[in-house]
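Asks: Here it is: the structure, laid out below.
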Amino acid sequence: MSSEALVAGLTLLSFGIIIAAVAFGSAIGDGIVASKAVEAIARQPEARPNILTFMFMGIGVLEAFPIIGLGLAFYLLLVVVKVPDMIAHLTVVAK
Amino acid sequence: MHEQIGEHLTWTLPIVGVVHSDTIVTTWVVMAVTLVFFAIVGKSYRSAYQTRRQAVVEGVVNYIADLSAGTLGRKGEPFVPFFIALFVFIFAMNQFGMLPFKALGLPFGGSPTADINTVVPLALIIFVMCWAVGFKHNGIRQFAHLAKPSPFLLLINIIEEVARPVTLAARLFFNIFVGELLFIVVASIVQAKVAIGFFNLSLAVTFVPFLIQFFNLFVGTVQAFVFTLLAIVYLSLAIGEDH
């Protein structure tokens with residue numbers, strides 16, 4: 001195995017780990033926010049518009065961190081290591 | 001695969017060097033569009049009955065105005081128009097990326113907020129404003145809160161103070177940028193002509209940009225609102241330091 005293939009494989013692996021971690025955390029966080037919002041609406045249905053505003057604001061603030069992680073992961077994959085070019089090069093070499 | 005991330009048209013100016021011309025021109029276009037729109041709405045404002053356009057604009061303006069006036073209190077009254085303008089400007093910039101000007105070969109297009117050079121100055125405007133307003137209202141005492149619970153936390157408080165503009169800028173930038181990046185990812189899947197058995201993945205994935213556009217519409221609105229709301233909260237912290 002050439003070192004280029006090793007770098008491409010490890011970058012893809014780290015990309016997958018970043019995406020998995022980011023999705024895990026944000027899914028749990030969004031779930032907590034949404035379940036608390038449902039609870040609050042069930043308790044006080046007349047405060048529904050206010051609660052929904054704050055729910056979306058909370059999700060907007062929360063959702064930023066997974067998106068930052070996703071952006072940095074794509075930056076790593078496509079700009080720093082240039083994995084697609086590397087894989088195309090490797091398949092050409094293999095042929 | 002030709003698509004490049006963060007590829008911009010550039011101008012080389014005499015003093016400042018290389019700048020991203022498409023971002024600058026798009027920002028000018030957004031400014032012109034919003035100014036003309038609000039000039040028209042404002043001019044027709046004194047009519048006897050309420051038009052539909054006026055009702056929508058009034059709803060948005062009243063919402064942000066109530067929010068900022070309620071959070072900032074009496075001292076923050078002069079800043080209410082600024083926050084309305086901030087929300088409308090960021091919202092227009094986020095949604096402008098939906099229009100395919102760049103695909104038509106024009107020298108502008110795309111969201112200006114998907115460029116970090118637009119977002120960092122916006123965050124810096126907010127923070128210089130917060131420090132200036134805090135200095136005006138509380139003098140040098142506004143920095144006393146850095147050592148508030150105990151002086152040992154000074155370093156952590158300084159890090160928190162610096163992290164605020166960074167996260168404010170990064171939140172907006174990455175949300176809009178990833179929205180545009182998803183199109184590139186889908187395009188590269190389509191271009192790669194992937195087929196798994198009889199299932200043609202590249203053909204099946206061509207309808208996904210439609211869904212991504214809905215996602216971007218939602219994200220652009222929410223992030224413009226979140227940016228404005230956090231700016232209001234930071235300014236209210238700077239104003240009402242001693243309560």
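By convention here, the chains of the structure tokens are called A, B, ... in the order presented, each chain's residues are numbered starting at 1, and ligands are numbered starting at 1 in the order presented.
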Can you list, as a VMD selection string, every protein, DNA or RNA residue that comes within 12 Å of Thr23 of chain B when you count only C-alpha atoms, leaving out same-chain residues fewer than 6 positions away?
Replies: chain B and resid 6 to 11 29 to 30 93 96 to 97 102 107 to 119
Asks: Against chain B, which residues of chain A fall within 7 Å? For each one I want the closest pair of atoms and the distance in Å (one decimal), counting only C-alpha atoms, rows by chain and increasing residue number, as a tab-separated table.
Replies:
```
residue	atom	partner	partner_atom	distance
A:Met57	CA	B:Val226	CA	6.0
A:Gly60	CA	B:Val222	CA	6.1
A:Val61	CA	B:Val226	CA	6.9
A:Ala64	CA	B:Arg171	CA	5.1
A:Ile67	CA	B:Asn175	CA	6.0
A:Ile68	CA	B:Phe174	CA	5.4
A:Gly71	CA	B:Val178	CA	5.9
```
Asks: For atom CA of Gly73 of chain B and atom CA of Ala231 of chain B, determine how far apart the two atoms are, in Å to one decimal place.
Replies: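 So the answer is 14.6 Å.
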Asks: Record the distance separating atom CA of Glu63 of chain A and atom CA of Ile18 of chain A, expressed in Å with one decimal.
Replies: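 Atom-to-atom, atom CA of Glu63 of chain A and atom CA of Ile18 of chain A are spaced 15.0 Å apart.
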Asks: For Pro209 of chain B, find every residue with an atom within 10 Å (counting only C-alpha atoms), except residues of its own chain fewer than 5 positions away, and show them as a list of chain:residue names.
Replies: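 Everything that qualifies: B:Leu182, B:Phe183, B:Ile184, B:Val186, B:Ala187, B:Phe214, B:Phe215.
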Asks: Residues of the last selection are to be written out with N, CA and C atoms, as an mmCIF file, in the first residue's frame.
Replies:
```cif
data_model
loop_
_atom_site.group_PDB
_atom_site.id
_atom_site.type_symbol
_atom_site.label_atom_id
_atom_site.label_comp_id
_atom_site.auth_asym_id
_atom_site.auth_seq_id
_atom_site.Cartn_x
_atom_site.Cartn_y
_atom_site.Cartn_z
ATOM 1 N N LEU B 182 -23.096 21.684 -0.054
ATOM 2 C CA LEU B 182 -23.893 20.484 -0.313
ATOM 3 C C LEU B 182 -24.204 20.344 -1.801
ATOM 4 N N PHE B 183 -24.394 21.490 -2.483
ATOM 5 C CA PHE B 183 -24.651 21.426 -3.922
ATOM 6 C C PHE B 183 -23.446 20.845 -4.656
ATOM 7 N N ILE B 184 -22.246 21.248 -4.205
ATOM 8 C CA ILE B 184 -21.032 20.749 -4.859
ATOM 9 C C ILE B 184 -20.902 19.245 -4.639
ATOM 10 N N VAL B 186 -23.372 17.073 -4.094
ATOM 11 C CA VAL B 186 -24.364 16.395 -4.931
ATOM 12 C C VAL B 186 -23.901 16.394 -6.388
ATOM 13 N N ALA B 187 -23.358 17.538 -6.830
ATOM 14 C CA ALA B 187 -22.892 17.624 -8.216
ATOM 15 C C ALA B 187 -21.784 16.618 -8.484
ATOM 16 N N PHE B 214 -34.759 24.063 0.082
ATOM 17 C CA PHE B 214 -35.702 24.308 1.186
ATOM 18 C C PHE B 214 -34.953 24.445 2.497
ATOM 19 N N PHE B 215 -33.987 23.559 2.693
ATOM 20 C CA PHE B 215 -33.164 23.597 3.903
ATOM 21 C C PHE B 215 -32.455 24.945 4.010
#
```
Asks: Tell me, as a PyMOL selection string, which residues lie within 7 Å of Ile239 of chain B, counting only C-alpha atoms; anything in the same chain fewer than 4 positions away does not count.
Replies: chain B and resi 133-134+137+235
Asks: Could the residues in this selection be saved with all heavy atoms as a CSV table (one decimal), in the first residue's frame?
Replies:
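Output file part.csv is given in full below:
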```csv
chain,number,residue,atom,x,y,z
B,133,VAL,N,-20.5,51.4,23.3
B,133,VAL,CA,-21.8,51.7,24.0
B,133,VAL,C,-21.6,51.5,25.5
B,133,VAL,O,-22.0,52.3,26.4
B,133,VAL,CB,-23.0,51.0,23.5
B,133,VAL,CG1,-24.2,51.1,24.3
B,133,VAL,CG2,-23.3,51.4,22.1
B,134,GLY,N,-20.9,50.3,25.8
B,134,GLY,CA,-20.7,50.0,27.2
B,134,GLY,C,-19.8,51.1,27.9
B,134,GLY,O,-20.0,51.5,29.0
B,137,HIS,N,-21.8,54.2,28.6
B,137,HIS,CA,-22.8,54.1,29.7
B,137,HIS,C,-22.1,53.9,31.0
B,137,HIS,O,-22.5,54.4,32.0
B,137,HIS,CB,-23.8,53.0,29.4
B,137,HIS,CG,-24.9,53.4,28.5
B,137,HIS,ND1,-25.9,54.3,28.8
B,137,HIS,CD2,-25.1,53.2,27.2
B,137,HIS,CE1,-26.7,54.5,27.8
B,137,HIS,NE2,-26.2,53.9,26.8
B,235,LEU,N,-25.5,43.4,23.3
B,235,LEU,CA,-25.6,44.8,23.5
B,235,LEU,C,-26.3,45.1,24.8
B,235,LEU,O,-25.9,46.0,25.6
B,235,LEU,CB,-26.3,45.5,22.3
B,235,LEU,CG,-26.3,47.0,22.5
B,235,LEU,CD1,-24.9,47.6,22.3
B,235,LEU,CD2,-27.2,47.7,21.4
```
Asks: Env of Val233 of chain B: 9 Å cut, atoms = only C-alpha atoms, seq-sep filter 6 positions within chain, self excluded. Answer as a compact mmCIF listing (two decimals) with C-alpha atoms, in the first residue's frame.
Replies:
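This is the output file selection36.txt:
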```txt
# COMPACT_ATOMS: atom_id res chain seq x y z
CA SER B 68 -34.96 44.58 20.77
CA THR B 71 -34.55 43.26 25.72
CA LEU B 72 -32.60 46.53 25.64
```
Asks: In terms of the shortest atom-to-atom distance over only C-alpha atoms, which of A:Thr91, A:Ser2, A:Gln44, A:Thr11 is closest to Tyr75 of chain A?
Replies: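 Using only C-alpha atoms, the shortest distance to Tyr75 of chain A belongs to A:Thr11.
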Asks: Got a sec: who's within 8 Å of segment 33-38 of chain A, counting only C-alpha atoms, leaving out chain neighbours fewer than 6 positions off, as a VMD selection string?
Replies: chain A and resid 51 to 52 55 58 to 59
Asks: Would you mind reading off the distance between atom CA of Leu35 of chain B and atom CA of Phe79 of chain B, one decimal, in Å?
Replies: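 It comes out at 18.9 Å.
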Asks: Considering only C-alpha atoms, return as a VMD selection string whatever protein or nucleic-acid residues lie within 7 Å of Pro66 of chain A, sequence-local ones (same chain, fewer than 5 positions apart) excluded.
Replies: chain A and resid 22 to 23 26
Asks: May I have the residues from that selection written out with all heavy atoms, as an mmCIF file, in the first residue's frame?
Replies:
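Listing of again_17.cif after writing:
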```cif
data_model
loop_
_atom_site.group_PDB
_atom_site.id
_atom_site.type_symbol
_atom_site.label_atom_id
_atom_site.label_comp_id
_atom_site.auth_asym_id
_atom_site.auth_seq_id
_atom_site.Cartn_x
_atom_site.Cartn_y
_atom_site.Cartn_z
ATOM 1 N N VAL A 22 -20.438 14.540 15.206
ATOM 2 C CA VAL A 22 -21.197 15.769 15.085
ATOM 3 C C VAL A 22 -22.693 15.469 14.990
ATOM 4 O O VAL A 22 -23.530 16.121 15.636
ATOM 5 C CB VAL A 22 -20.625 16.494 13.841
ATOM 6 C CG1 VAL A 22 -21.665 17.106 12.997
ATOM 7 C CG2 VAL A 22 -19.580 17.498 14.239
ATOM 8 N N ALA A 23 -23.041 14.408 14.234
ATOM 9 C CA ALA A 23 -24.446 14.047 14.085
ATOM 10 C C ALA A 23 -24.997 13.522 15.407
ATOM 11 O O ALA A 23 -26.113 13.863 15.804
ATOM 12 C CB ALA A 23 -24.617 12.996 12.992
ATOM 13 N N SER A 26 -25.432 16.588 17.926
ATOM 14 C CA SER A 26 -26.482 17.540 17.567
ATOM 15 C C SER A 26 -27.853 16.880 17.599
ATOM 16 O O SER A 26 -28.843 17.524 17.941
ATOM 17 C CB SER A 26 -26.220 18.128 16.186
ATOM 18 O OG SER A 26 -26.493 17.183 15.195
#
```
